[in-house]
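Coordinates as given in coords29.cif (mmCIF, C-alpha atoms and all ligand atoms):
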data_target
loop_
_atom_site.label_atom_id
_atom_site.label_comp_id
_atom_site.auth_asym_id
_atom_site.auth_seq_id
_atom_site.Cartn_x
_atom_site.Cartn_y
_atom_site.Cartn_z
CA MET H 1 -30.61 98.35 81.22
CA PHE H 2 -33.90 100.08 80.43
CA VAL H 3 -34.41 101.44 76.94
CA THR H 4 -34.86 105.05 78.03
CA GLU H 5 -31.79 104.90 80.25
CA THR H 6 -29.69 103.47 77.42
CA ALA H 7 -31.09 106.03 74.98
CA GLU H 8 -30.16 108.86 77.38
CA LYS H 9 -26.64 107.51 77.81
CA ILE H 10 -26.14 107.24 74.05
CA LYS H 11 -27.45 110.76 73.52
CA SER H 12 -25.21 112.25 76.23
CA MET H 13 -22.30 110.14 74.91
CA GLU H 14 -21.81 108.37 78.21
CA ILE H 15 -22.04 105.35 75.92
CA ARG H 16 -20.15 106.22 72.74
CA GLY H 17 -18.20 104.74 69.85
CA ALA H 18 -20.12 103.25 66.94
CA GLY H 19 -19.57 99.62 67.96
CA ARG H 20 -20.38 100.18 71.62
CA ILE H 21 -23.55 102.09 70.77
CA ALA H 22 -24.73 99.19 68.60
CA ARG H 23 -24.07 96.60 71.30
CA ALA H 24 -25.74 98.76 73.96
CA ALA H 25 -28.85 99.09 71.77
CA ALA H 26 -28.99 95.31 71.25
CA GLU H 27 -28.66 94.79 75.01
CA ALA H 28 -31.42 97.31 75.72
CA LEU H 29 -33.76 95.58 73.25
CA ARG H 30 -32.97 92.21 74.83
CA ASP H 31 -33.69 93.51 78.36
CA HIS H 32 -36.83 95.24 77.15
CA ALA H 33 -38.10 92.07 75.50
CA LEU H 34 -37.61 90.21 78.78
CA ALA H 35 -39.39 92.88 80.82
CA VAL H 36 -42.29 93.83 78.57
CA LYS H 37 -45.70 92.44 79.43
CA ALA H 38 -47.91 92.26 76.36
CA PRO H 39 -51.21 90.40 75.99
CA THR H 40 -50.72 89.60 72.29
CA ASN H 41 -47.91 89.14 69.79
CA ALA H 42 -49.06 92.29 67.96
CA ALA H 43 -48.93 94.33 71.18
CA PHE H 44 -45.48 92.95 71.95
CA ARG H 45 -44.26 93.89 68.49
CA GLN H 46 -45.71 97.37 68.79
CA GLU H 47 -43.94 97.94 72.10
CA MET H 48 -40.65 96.61 70.71
CA GLU H 49 -40.98 98.88 67.67
CA ARG H 50 -41.52 101.86 69.94
CA ALA H 51 -38.39 100.95 71.92
CA ALA H 52 -36.40 100.40 68.71
CA ALA H 53 -37.43 103.81 67.40
CA GLU H 54 -36.42 105.47 70.67
CA LEU H 55 -32.96 103.93 70.44
CA VAL H 56 -32.45 104.71 66.76
CA ALA H 57 -33.45 108.37 67.28
CA THR H 58 -30.62 109.01 69.78
CA ARG H 59 -27.77 109.66 67.34
CA PRO H 60 -28.31 109.86 63.60
CA THR H 61 -24.90 109.19 62.07
CA ALA H 62 -23.44 105.89 63.28
CA VAL H 63 -25.22 103.39 61.04
CA SER H 64 -24.13 100.57 63.34
CA LEU H 65 -27.05 101.61 65.55
CA PRO H 66 -29.93 101.12 63.07
CA ASN H 67 -28.15 98.10 61.59
CA ALA H 68 -27.99 96.44 65.03
CA VAL H 69 -31.61 97.31 65.80
CA HIS H 70 -32.69 96.05 62.39
CA PHE H 71 -30.87 92.77 62.94
CA VAL H 72 -32.45 92.19 66.36
CA MET H 73 -35.95 93.25 65.29
CA ALA H 74 -35.91 91.01 62.22
CA GLY H 75 -36.37 88.15 64.69
CA LEU H 76 -39.97 89.28 65.19
CA ASP H 77 -40.96 88.57 61.59
CA ALA H 78 -41.41 84.82 62.00
CA ALA H 79 -42.76 84.88 65.57
CA LYS H 80 -46.39 83.89 66.10
CA THR H 81 -46.66 84.18 69.87
CA VAL H 82 -45.29 86.53 72.52
CA LYS H 83 -43.08 83.72 73.76
CA GLU H 84 -41.61 83.12 70.31
CA ALA H 85 -41.12 86.84 69.76
CA ARG H 86 -39.37 87.28 73.11
CA THR H 87 -37.08 84.30 72.48
CA ALA H 88 -36.22 85.58 69.01
CA VAL H 89 -35.25 89.06 70.26
CA VAL H 90 -33.16 87.68 73.12
CA SER H 91 -31.37 85.24 70.87
CA ARG H 92 -30.70 87.71 68.04
CA ALA H 93 -29.50 90.39 70.48
CA GLY H 94 -27.05 87.87 71.94
CA GLN H 95 -25.98 86.87 68.45
CA PHE H 96 -25.32 90.49 67.48
CA ILE H 97 -23.33 91.28 70.62
CA GLU H 98 -21.19 88.19 70.24
CA SER H 99 -20.56 88.68 66.55
CA SER H 100 -19.72 92.35 67.14
CA ARG H 101 -17.08 91.42 69.72
CA HIS H 102 -15.75 88.74 67.43
CA ALA H 103 -15.62 91.23 64.53
CA VAL H 104 -13.54 93.68 66.57
CA GLU H 105 -11.10 90.85 67.41
CA LYS H 106 -10.86 89.73 63.78
CA ILE H 107 -10.25 93.29 62.61
CA ALA H 108 -7.43 93.60 65.15
CA GLU H 109 -5.86 90.45 63.72
CA PHE H 110 -6.26 91.53 60.07
CA GLY H 111 -5.38 95.17 60.69
CA ALA H 112 -2.16 94.27 62.53
CA ARG H 113 -0.91 92.64 59.31
CA HIS H 114 -0.81 96.07 57.71
CA ILE H 115 1.35 97.52 60.47
CA ARG H 116 5.09 97.01 60.06
CA ASP H 117 7.74 96.85 62.72
CA GLY H 118 8.85 100.41 63.42
CA ASP H 119 5.72 102.08 62.03
CA VAL H 120 4.54 105.41 63.38
CA ILE H 121 0.74 105.54 63.25
CA LEU H 122 -1.53 108.55 63.52
CA THR H 123 -5.05 108.05 64.84
CA HIS H 124 -7.94 110.43 65.32
CA CYS H 125 -10.74 110.07 67.86
CA ASN H 126 -11.28 106.88 69.82
CA SER H 127 -12.02 103.77 67.84
CA GLU H 128 -11.91 100.36 69.50
CA ALA H 129 -11.56 98.78 66.05
CA ALA H 130 -8.56 100.94 65.06
CA LEU H 131 -6.93 100.70 68.49
CA GLY H 132 -7.39 96.94 68.43
CA CYS H 133 -5.14 96.75 65.34
CA MET H 134 -2.40 98.79 67.00
CA ILE H 135 -2.55 96.81 70.23
CA ALA H 136 -2.45 93.51 68.30
CA ALA H 137 0.62 94.68 66.35
CA HIS H 138 2.29 95.74 69.59
CA ARG H 139 1.52 92.36 71.16
CA GLN H 140 3.11 90.66 68.16
CA GLY H 141 6.31 92.39 69.17
CA LYS H 142 6.24 95.12 66.52
CA GLU H 143 7.74 98.30 67.80
CA ILE H 144 5.19 100.99 67.02
CA GLU H 145 4.66 104.58 68.02
CA VAL H 146 1.38 106.47 67.86
CA PHE H 147 0.33 110.08 67.36
CA ALA H 148 -3.11 110.63 68.88
CA THR H 149 -5.12 113.80 68.40
CA GLU H 150 -7.00 115.59 71.15
CA VAL H 151 -10.37 115.49 69.32
CA ARG H 152 -12.17 118.67 70.13
CA PRO H 153 -14.77 119.26 71.41
CA ARG H 154 -15.38 116.02 73.34
CA ASN H 155 -11.72 115.08 73.84
CA GLN H 156 -12.07 111.41 72.95
CA GLY H 157 -8.28 111.53 72.41
CA LEU H 158 -7.94 111.28 76.19
CA ILE H 159 -9.56 107.84 76.13
CA THR H 160 -7.27 106.85 73.27
CA ILE H 161 -4.04 107.87 75.00
CA ARG H 162 -5.09 106.12 78.20
CA THR H 163 -5.73 102.87 76.30
CA LEU H 164 -2.43 103.17 74.42
CA ASN H 165 -0.56 104.00 77.60
CA ASP H 166 -2.09 101.03 79.41
CA ALA H 167 -0.98 98.81 76.54
CA GLY H 168 2.56 100.16 76.91
CA ILE H 169 2.61 101.81 73.47
CA LYS H 170 4.79 104.89 72.99
CA THR H 171 2.32 107.71 72.27
CA ASN H 172 2.46 111.38 71.29
CA PHE H 173 -0.58 113.50 72.19
CA ILE H 174 -1.18 116.43 69.84
CA VAL H 175 -3.86 119.05 69.26
CA ASP H 176 -6.03 118.46 66.20
CA SER H 177 -4.45 121.33 64.28
CA ALA H 178 -0.93 119.84 64.67
CA VAL H 179 -1.60 116.93 62.28
CA ARG H 180 0.05 118.59 59.27
CA SER H 181 3.08 119.53 61.36
CA PHE H 182 3.73 115.88 62.18
CA ILE H 183 2.45 114.04 59.11
CA HIS H 184 5.98 113.57 57.72
CA ASP H 185 6.90 111.68 60.90
CA VAL H 186 4.00 109.29 60.29
CA ASP H 187 3.96 106.05 58.24
CA LEU H 188 0.28 105.22 58.46
CA VAL H 189 -3.04 106.76 59.46
CA MET H 190 -5.49 104.41 61.14
CA VAL H 191 -9.00 105.44 62.13
CA GLY H 192 -12.40 103.92 62.77
CA ALA H 193 -15.73 104.62 61.09
CA ASP H 194 -19.27 105.51 62.06
CA ALA H 195 -20.57 104.71 58.59
CA VAL H 196 -19.26 103.55 55.23
CA THR H 197 -21.29 104.41 52.15
CA VAL H 198 -21.77 102.28 49.04
CA ASN H 199 -19.19 104.36 47.15
CA GLY H 200 -16.58 103.79 49.84
CA ALA H 201 -16.76 107.17 51.55
CA VAL H 202 -16.13 106.98 55.27
CA VAL H 203 -18.09 109.00 57.78
CA ASN H 204 -16.08 109.42 60.96
CA LYS H 205 -15.33 111.92 63.72
CA ILE H 206 -15.10 115.52 62.56
CA GLY H 207 -11.57 116.22 61.39
CA THR H 208 -11.01 112.79 59.87
CA SER H 209 -11.31 114.18 56.34
CA GLN H 210 -8.72 116.85 57.12
CA VAL H 211 -6.40 114.18 58.46
CA ALA H 212 -6.95 112.01 55.37
CA HIS H 213 -6.43 114.95 53.02
CA THR H 214 -3.19 115.84 54.79
CA ALA H 215 -2.10 112.19 54.60
CA ALA H 216 -2.87 112.02 50.87
CA GLU H 217 -0.78 115.15 50.24
CA ALA H 218 2.10 113.56 52.17
CA ARG H 219 1.59 110.14 50.50
CA VAL H 220 0.83 108.46 53.79
CA ASN H 221 -1.60 105.52 53.61
CA VAL H 222 -4.96 105.74 55.35
CA ILE H 223 -6.51 102.57 56.75
CA VAL H 224 -10.03 102.47 58.16
CA ALA H 225 -11.06 99.76 60.64
CA ALA H 226 -14.78 99.08 60.34
CA GLU H 227 -17.03 96.15 61.13
CA THR H 228 -19.40 95.16 58.31
CA TYR H 229 -22.38 96.48 60.32
CA LYS H 230 -20.99 99.98 59.87
CA PHE H 231 -21.70 99.83 56.14
CA ALA H 232 -24.83 101.75 55.23
CA PRO H 233 -27.28 99.71 53.11
CA ARG H 234 -29.60 102.56 52.25
CA THR H 235 -26.82 104.48 50.53
CA VAL H 236 -27.25 101.90 47.75
CA VAL H 237 -30.50 103.60 46.87
CA GLY H 238 -29.10 107.08 47.24
CA GLU H 239 -29.89 107.88 50.85
CA LEU H 240 -27.38 110.25 52.44
CA ILE H 241 -25.85 109.79 55.87
CA GLN H 242 -27.11 112.45 58.21
CA ILE H 243 -24.32 114.33 59.95
CA GLU H 244 -25.15 114.93 63.59
CA GLU H 245 -24.77 118.51 64.78
CA ARG H 246 -24.36 118.55 68.54
CA PRO H 247 -25.12 121.33 71.04
CA PRO H 248 -23.00 124.50 70.69
CA GLY H 249 -22.24 124.38 74.42
CA GLU H 250 -19.82 121.52 73.70
CA VAL H 251 -17.64 123.98 71.77
CA LEU H 252 -18.14 127.27 73.63
CA ALA H 253 -19.57 127.72 77.12
CA ASP H 254 -23.13 129.07 76.94
CA ALA H 255 -22.20 131.92 79.33
CA ILE H 256 -19.60 133.18 76.83
CA ALA H 257 -21.77 132.53 73.78
CA GLN H 258 -24.52 134.68 75.30
CA THR H 259 -22.17 137.69 75.30
CA LEU H 260 -21.52 137.24 71.55
CA PRO H 261 -24.85 137.83 69.80
CA HIS H 262 -23.26 137.92 66.32
CA VAL H 263 -21.49 134.60 66.74
CA ARG H 264 -23.07 131.28 65.86
CA VAL H 265 -21.25 128.19 67.03
CA ARG H 266 -21.37 125.20 64.66
CA ASN H 267 -20.67 121.75 66.01
CA PRO H 268 -20.92 118.95 63.44
CA ALA H 269 -19.75 115.71 65.07
CA PHE H 270 -18.70 113.92 61.87
CA ASP H 271 -17.39 114.52 58.38
CA VAL H 272 -17.11 112.57 55.16
CA THR H 273 -13.81 111.33 53.76
CA PRO H 274 -14.14 110.41 50.08
CA ALA H 275 -12.97 106.98 48.94
CA GLU H 276 -10.02 108.45 47.03
CA TYR H 277 -8.35 109.40 50.32
CA ILE H 278 -8.71 105.90 51.76
CA ASP H 279 -6.38 103.07 50.87
CA LEU H 280 -7.99 100.16 52.68
CA ILE H 281 -10.97 99.32 54.84
CA VAL H 282 -10.28 96.46 57.23
CA THR H 283 -13.45 94.52 58.08
CA GLU H 284 -13.86 91.23 59.94
CA GLN H 285 -14.36 89.61 56.52
CA GLY H 286 -11.00 90.85 55.32
CA ALA H 287 -9.45 94.04 53.99
CA ILE H 288 -11.03 95.70 50.97
CA PRO H 289 -10.34 98.78 48.88
CA PRO H 290 -13.11 101.32 49.63
CA GLN H 291 -14.51 100.89 46.11
CA MET H 292 -15.63 97.40 47.12
CA ALA H 293 -18.01 98.63 49.81
CA TYR H 294 -21.00 97.46 47.79
CA VAL H 295 -19.85 93.85 48.04
CA ILE H 296 -19.89 94.06 51.84
CA ILE H 297 -23.41 95.52 51.83
CA ARG H 298 -24.65 92.85 49.42
CA GLU H 299 -22.82 89.80 50.78
CA TYR H 300 -22.51 90.34 54.49
CA LEU H 301 -25.30 92.60 55.67
CA GLY H 302 -27.93 90.31 54.23
CA TRP H 303 -30.01 93.14 52.85
CA ASP H 304 -32.13 91.86 50.02
CA ILE H 305 -34.40 93.73 47.67
CA GLY H 306 -37.27 93.36 50.12
CA GLU H 307 -35.36 95.39 52.67
CA PHE H 308 -34.84 98.20 50.20
CA HIS H 309 -38.54 98.14 49.50
CA LYS H 310 -39.21 98.54 53.20
CA ALA H 311 -36.51 101.16 53.60
CA PHE H 312 -37.95 103.26 50.83
CA ASP H 313 -41.55 102.49 51.47
CA LEU H 314 -41.86 101.43 47.85
CA ASN H 315 -45.22 99.81 48.51
CA GLY H 316 -46.73 103.18 49.28
CA GLY H 317 -46.76 102.51 52.99
CA HIS H 318 -49.00 99.44 52.73
CA GLU H 319 -48.05 96.14 54.25
CA ASP H 320 -48.44 93.22 51.90
P1 LIG H 401 -15.47 102.23 67.18
C1 LIG H 401 -16.88 107.31 67.28
O1 LIG H 401 -17.93 108.21 67.35
C2 LIG H 401 -15.68 107.89 66.55
O2 LIG H 401 -16.04 108.68 65.44
C3 LIG H 401 -14.97 106.63 66.17
O3 LIG H 401 -14.00 106.82 65.16
C4 LIG H 401 -16.15 105.77 65.69
O4 LIG H 401 -17.20 106.08 66.62
C5 LIG H 401 -15.91 104.30 65.63
O5 LIG H 401 -15.58 103.79 66.90
P2 LIG H 401 -18.37 108.98 68.74
O6 LIG H 401 -19.36 108.05 69.42
O7 LIG H 401 -16.79 101.60 66.89
O8 LIG H 401 -17.16 109.28 69.56
O9 LIG H 401 -14.37 101.71 66.30
O10 LIG H 401 -19.05 110.24 68.26
O11 LIG H 401 -15.10 102.17 68.64
#
Same coordinates, now as C-alpha cells:
Amino acid sequence: MFVTETAEKIKSMEIRGAGRIARAAAEALRDHALAVKAPTNAAFRQEMERAAAELVATRPTAVSLPNAVHFVMAGLDAAKTVKEARTAVVSRAGQFIESSRHAVEKIAEFGARHIRDGDVILTHCNSEAALGCMIAAHRQGKEIEVFATEVRPRNQGLITIRTLNDAGIKTNFIVDSAVRSFIHDVDLVMVGADAVTVNGAVVNKIGTSQVAHTAAEARVNVIVAAETYKFAPRTVVGELIQIEERPPGEVLADAIAQTLPHVRVRNPAFDVTPAEYIDLIVTEQGAIPPQMAYVIIREYLGWDIGEFHKAFDLNGGHED
C-alpha cells in the first residue's frame, strides 16, 4: 500500500491497534522502497526519510509506530547503493512484521499461564495481545468469562466482543462507567498497551487508568500484554509520551456542539497508568514486573548510547 494511503488509514483509525499500526507502517515502507525511483543512494534515503516522517506523524502516542519505523530505517545505515538500500528496507520490514506476529503469539502463550480455570477477566479497548492470552487460555480448556467495556468514543469494545464471541468465550458487554459495579465479580484485569515507559507506567486507551485504579482498590490483579517494541526508549532520557487528543466530533456531533458555545469537548485518546497499579507486563521475552521496563529497553530494543545521542540531537544537529 502507498505511504500516504497507509498514513491516512492510520490517522482515521481504519488501521488501528498499536501492533497493527506498526506492521502497517513497516509494510508501507517496504512497498515504498520497492516503488521509489531514485538516481542516487542519498536521494533514495531522503525519499525514505520523508515517507518515514509521514508515517510517524500520523498518531503520536503508540510508540510501536516510531520503533517499527526506526527498526526498518536502520537498514539504510550500511547501504552504499540504491540496490543495497532497497534490499535492506525490504528485508528489515519483513523481519519486523514476522517478529511482531511471533511476539503476539508468544505473549498469548505466556499470558495464558496467568489465567486460571474459572477466571473472570475484565478487558478494556481492543488489544490483539491481551485477547490472544484469553483465547489461548480458552483453547487450553480453561473455562473463562470476560467483561468487555464499550470504549467510548470509538467503540473498540465492539471489535473485542465480536472476537471473543467468535472464539466461543462467554462475554459480558458493559459501558465504561460500569467497571466499578462489576469489579468484585472479576478475578483479573487484562489490557494491552500503546507505550510502556522506563519507569513501568503504561500508556493505553483512555479509561485504562480508571480501570486499574478500581482494580487496585478491589485487590484485583492487572496484567498488561505488550510486545517489547511498545517500550519507549526515549523515556530513559526523560522524554514524555505525547497523549493524542482526537477531534471533538468523535465525542459530540459537531451540529450539537455548535449550539453549545460555552462547552468545549475534550477527547484524549489515551491515559497513563502508573506502575504501582500494574502487577505484571507480559512480553514475548517473558513476564516482568513493570519496574523492570528498563531491562527490556536496554536488552531487547537494541538502543545503544548512539541512538540516544541521535534522539536528543546531542551533537548539536551535526552529523559526524
Ligand atoms: P494491540 C489501541 O489503541 C488500544 O489502546 C489497545 O489497548 C492498544 O492499541 C494495543 O493494541 P487504538 O489504536 O497492539 O485503538 O495489543 O487507539 O492490538
To box ligand LIG 401 (chain H), take all atoms listed in the file, fit an axis-aligned box, add 5 Å on each side, and give centre and edge lengths in Å to one decimal, as AutoDock Vina command-line options.
--center_x -16.7 --center_y 105.9 --center_z 67.4 --size_x 15.4 --size_y 18.6 --size_z 14.4
Which is closest to Ser209 (chain H) among H:Leu252, H:Val272, H:Ala129, H:Val186, if we use all atoms listed in the file?
-> H:Val272
Residue with smallest distance to Val265 (chain H) - pool H:Pro289, H:Gly168, H:Pro153, H:Pro66, counting only C-alpha atoms =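 Closest candidate: H:Pro153.
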Which neighbours of Ala232 (chain H) fall inside 9 Å, counting all atoms listed in the file, when residues of the same chain fewer than 2 positions from it are skipped, and could you give them as a PyMOL selection string?
-> chain H and resi 63-64+67+195-198+229-230+234-236+241+297
Write out as JSON lines a residue-level contact list of chain H versus ligand LIG 401 (chain H) with cut-off 8 Å: for each qualifying residue the closest pair of atoms and the distance in Å to one decimal, counting only C-alpha atoms and all ligand atoms, rows sorted by chain and residue number upward.
{"residue": "H:Met13", "atom": "CA", "partner": "H:LIG401", "partner_atom": "O6", "distance": 6.6}
{"residue": "H:Ile15", "atom": "CA", "partner": "H:LIG401", "partner_atom": "O6", "distance": 7.5}
{"residue": "H:Arg16", "atom": "CA", "partner": "H:LIG401", "partner_atom": "O6", "distance": 3.9}
{"residue": "H:Gly17", "atom": "CA", "partner": "H:LIG401", "partner_atom": "O6", "distance": 3.5}
{"residue": "H:Ala18", "atom": "CA", "partner": "H:LIG401", "partner_atom": "O7", "distance": 3.7}
{"residue": "H:Gly19", "atom": "CA", "partner": "H:LIG401", "partner_atom": "O7", "distance": 3.6}
{"residue": "H:Arg20", "atom": "CA", "partner": "H:LIG401", "partner_atom": "O7", "distance": 6.1}
{"residue": "H:Ile21", "atom": "CA", "partner": "H:LIG401", "partner_atom": "O6", "distance": 7.4}
{"residue": "H:Ala62", "atom": "CA", "partner": "H:LIG401", "partner_atom": "O4", "distance": 7.1}
{"residue": "H:His124", "atom": "CA", "partner": "H:LIG401", "partner_atom": "O3", "distance": 7.1}
{"residue": "H:Cys125", "atom": "CA", "partner": "H:LIG401", "partner_atom": "O3", "distance": 5.3}
{"residue": "H:Asn126", "atom": "CA", "partner": "H:LIG401", "partner_atom": "C3", "distance": 5.2}
{"residue": "H:Ser127", "atom": "CA", "partner": "H:LIG401", "partner_atom": "O9", "distance": 3.5}
{"residue": "H:Glu128", "atom": "CA", "partner": "H:LIG401", "partner_atom": "O11", "distance": 3.8}
{"residue": "H:Ala129", "atom": "CA", "partner": "H:LIG401", "partner_atom": "O9", "distance": 4.1}
{"residue": "H:Ala130", "atom": "CA", "partner": "H:LIG401", "partner_atom": "O9", "distance": 6.0}
{"residue": "H:Leu131", "atom": "CA", "partner": "H:LIG401", "partner_atom": "O9", "distance": 7.8}
{"residue": "H:Arg154", "atom": "CA", "partner": "H:LIG401", "partner_atom": "O8", "distance": 7.9}
{"residue": "H:Gln156", "atom": "CA", "partner": "H:LIG401", "partner_atom": "O8", "distance": 6.5}
{"residue": "H:Val191", "atom": "CA", "partner": "H:LIG401", "partner_atom": "O3", "distance": 6.0}
{"residue": "H:Gly192", "atom": "CA", "partner": "H:LIG401", "partner_atom": "O3", "distance": 4.1}
{"residue": "H:Ala193", "atom": "CA", "partner": "H:LIG401", "partner_atom": "C5", "distance": 4.6}
{"residue": "H:Asp194", "atom": "CA", "partner": "H:LIG401", "partner_atom": "C4", "distance": 4.8}
{"residue": "H:Val203", "atom": "CA", "partner": "H:LIG401", "partner_atom": "O2", "distance": 7.9}
{"residue": "H:Asn204", "atom": "CA", "partner": "H:LIG401", "partner_atom": "O2", "distance": 4.5}
{"residue": "H:Lys205", "atom": "CA", "partner": "H:LIG401", "partner_atom": "O2", "distance": 3.7}
{"residue": "H:Ile206", "atom": "CA", "partner": "H:LIG401", "partner_atom": "O2", "distance": 7.5}
{"residue": "H:Ala225", "atom": "CA", "partner": "H:LIG401", "partner_atom": "O9", "distance": 6.8}
{"residue": "H:Ala226", "atom": "CA", "partner": "H:LIG401", "partner_atom": "O9", "distance": 6.5}
{"residue": "H:Glu227", "atom": "CA", "partner": "H:LIG401", "partner_atom": "O7", "distance": 7.9}
{"residue": "H:Ala269", "atom": "CA", "partner": "H:LIG401", "partner_atom": "O10", "distance": 6.4}
{"residue": "H:Phe270", "atom": "CA", "partner": "H:LIG401", "partner_atom": "O2", "distance": 6.9}
Hey, can you check how far CA of Ala88 (chain H) sits from CA of Gly75 (chain H)?
->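 Taking CA of Ala88 (chain H) as the start and CA of Gly75 (chain H) as the end point, the length is 5.0 Å.
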Straight-line distance linking CA of Arg219 (chain H) with CA of Glu276 (chain H), stated in Å to one decimal | 12.2 Å
Put region 30-53 of chain H into a file with N, CA and C atoms, as a PDB file, in the first residue's frame.
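Listed below is the output, part.pdb:
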ATOM      1  N   ARG H  30       8.222  -0.829   3.139  1.00  0.00           N
ATOM      2  CA  ARG H  30       8.697  -1.875   2.218  1.00  0.00           C
ATOM      3  C   ARG H  30       8.176  -1.597   0.795  1.00  0.00           C
ATOM      4  N   ASP H  31       6.862  -1.349   0.672  1.00  0.00           N
ATOM      5  CA  ASP H  31       6.280  -1.108  -0.651  1.00  0.00           C
ATOM      6  C   ASP H  31       6.849   0.163  -1.280  1.00  0.00           C
ATOM      7  N   HIS H  32       7.087   1.159  -0.415  1.00  0.00           N
ATOM      8  CA  HIS H  32       7.629   2.415  -0.921  1.00  0.00           C
ATOM      9  C   HIS H  32       9.047   2.204  -1.445  1.00  0.00           C
ATOM     10  N   ALA H  33       9.823   1.443  -0.691  1.00  0.00           N
ATOM     11  CA  ALA H  33      11.210   1.178  -1.122  1.00  0.00           C
ATOM     12  C   ALA H  33      11.223   0.469  -2.473  1.00  0.00           C
ATOM     13  N   LEU H  34      10.260  -0.408  -2.688  1.00  0.00           N
ATOM     14  CA  LEU H  34      10.211  -1.133  -3.964  1.00  0.00           C
ATOM     15  C   LEU H  34       9.769  -0.242  -5.116  1.00  0.00           C
ATOM     16  N   ALA H  35       8.955   0.769  -4.796  1.00  0.00           N
ATOM     17  CA  ALA H  35       8.381   1.610  -5.858  1.00  0.00           C
ATOM     18  C   ALA H  35       9.237   2.835  -6.193  1.00  0.00           C
ATOM     19  N   VAL H  36       9.960   3.318  -5.205  1.00  0.00           N
ATOM     20  CA  VAL H  36      10.667   4.595  -5.374  1.00  0.00           C
ATOM     21  C   VAL H  36      11.773   4.502  -6.427  1.00  0.00           C
ATOM     22  N   LYS H  37      11.814   5.538  -7.281  1.00  0.00           N
ATOM     23  CA  LYS H  37      12.898   5.578  -8.272  1.00  0.00           C
ATOM     24  C   LYS H  37      13.818   6.723  -7.867  1.00  0.00           C
ATOM     25  N   ALA H  38      15.032   6.378  -7.475  1.00  0.00           N
ATOM     26  CA  ALA H  38      15.968   7.423  -7.058  1.00  0.00           C
ATOM     27  C   ALA H  38      17.287   7.234  -7.788  1.00  0.00           C
ATOM     28  N   PRO H  39      17.877   8.341  -8.261  1.00  0.00           N
ATOM     29  CA  PRO H  39      19.122   8.224  -9.026  1.00  0.00           C
ATOM     30  C   PRO H  39      20.328   7.864  -8.155  1.00  0.00           C
ATOM     31  N   THR H  40      20.308   8.282  -6.886  1.00  0.00           N
ATOM     32  CA  THR H  40      21.457   8.005  -6.009  1.00  0.00           C
ATOM     33  C   THR H  40      20.981   7.442  -4.676  1.00  0.00           C
ATOM     34  N   ASN H  41      21.937   6.868  -3.946  1.00  0.00           N
ATOM     35  CA  ASN H  41      21.629   6.337  -2.618  1.00  0.00           C
ATOM     36  C   ASN H  41      21.139   7.453  -1.694  1.00  0.00           C
ATOM     37  N   ALA H  42      21.764   8.624  -1.809  1.00  0.00           N
ATOM     38  CA  ALA H  42      21.370   9.753  -0.952  1.00  0.00           C
ATOM     39  C   ALA H  42      19.935  10.176  -1.258  1.00  0.00           C
ATOM     40  N   ALA H  43      19.578  10.203  -2.538  1.00  0.00           N
ATOM     41  CA  ALA H  43      18.212  10.598  -2.925  1.00  0.00           C
ATOM     42  C   ALA H  43      17.205   9.565  -2.430  1.00  0.00           C
ATOM     43  N   PHE H  44      17.607   8.294  -2.511  1.00  0.00           N
ATOM     44  CA  PHE H  44      16.736   7.218  -2.035  1.00  0.00           C
ATOM     45  C   PHE H  44      16.488   7.383  -0.541  1.00  0.00           C
ATOM     46  N   ARG H  45      17.572   7.626   0.184  1.00  0.00           N
ATOM     47  CA  ARG H  45      17.464   7.788   1.638  1.00  0.00           C
ATOM     48  C   ARG H  45      16.554   8.962   1.989  1.00  0.00           C
ATOM     49  N   GLN H  46      16.744  10.052   1.254  1.00  0.00           N
ATOM     50  CA  GLN H  46      15.953  11.255   1.526  1.00  0.00           C
ATOM     51  C   GLN H  46      14.459  10.957   1.344  1.00  0.00           C
ATOM     52  N   GLU H  47      14.144  10.247   0.264  1.00  0.00           N
ATOM     53  CA  GLU H  47      12.743   9.924  -0.014  1.00  0.00           C
ATOM     54  C   GLU H  47      12.190   8.962   1.044  1.00  0.00           C
ATOM     55  N   MET H  48      13.007   8.014   1.492  1.00  0.00           N
ATOM     56  CA  MET H  48      12.554   7.088   2.531  1.00  0.00           C
ATOM     57  C   MET H  48      12.350   7.832   3.856  1.00  0.00           C
ATOM     58  N   GLU H  49      13.220   8.791   4.122  1.00  0.00           N
ATOM     59  CA  GLU H  49      13.081   9.559   5.371  1.00  0.00           C
ATOM     60  C   GLU H  49      11.812  10.400   5.354  1.00  0.00           C
ATOM     61  N   ARG H  50      11.489  10.925   4.169  1.00  0.00           N
ATOM     62  CA  ARG H  50      10.252  11.704   4.045  1.00  0.00           C
ATOM     63  C   ARG H  50       9.046  10.801   4.330  1.00  0.00           C
ATOM     64  N   ALA H  51       9.066   9.613   3.724  1.00  0.00           N
ATOM     65  CA  ALA H  51       7.969   8.655   3.916  1.00  0.00           C
ATOM     66  C   ALA H  51       7.868   8.236   5.385  1.00  0.00           C
ATOM     67  N   ALA H  52       9.031   7.987   6.004  1.00  0.00           N
ATOM     68  CA  ALA H  52       9.047   7.571   7.417  1.00  0.00           C
ATOM     69  C   ALA H  52       8.435   8.658   8.292  1.00  0.00           C
ATOM     70  N   ALA H  53       8.793   9.902   8.001  1.00  0.00           N
ATOM     71  CA  ALA H  53       8.274  11.020   8.799  1.00  0.00           C
ATOM     72  C   ALA H  53       6.760  11.146   8.631  1.00  0.00           C
TER      73      ALA H  53
END
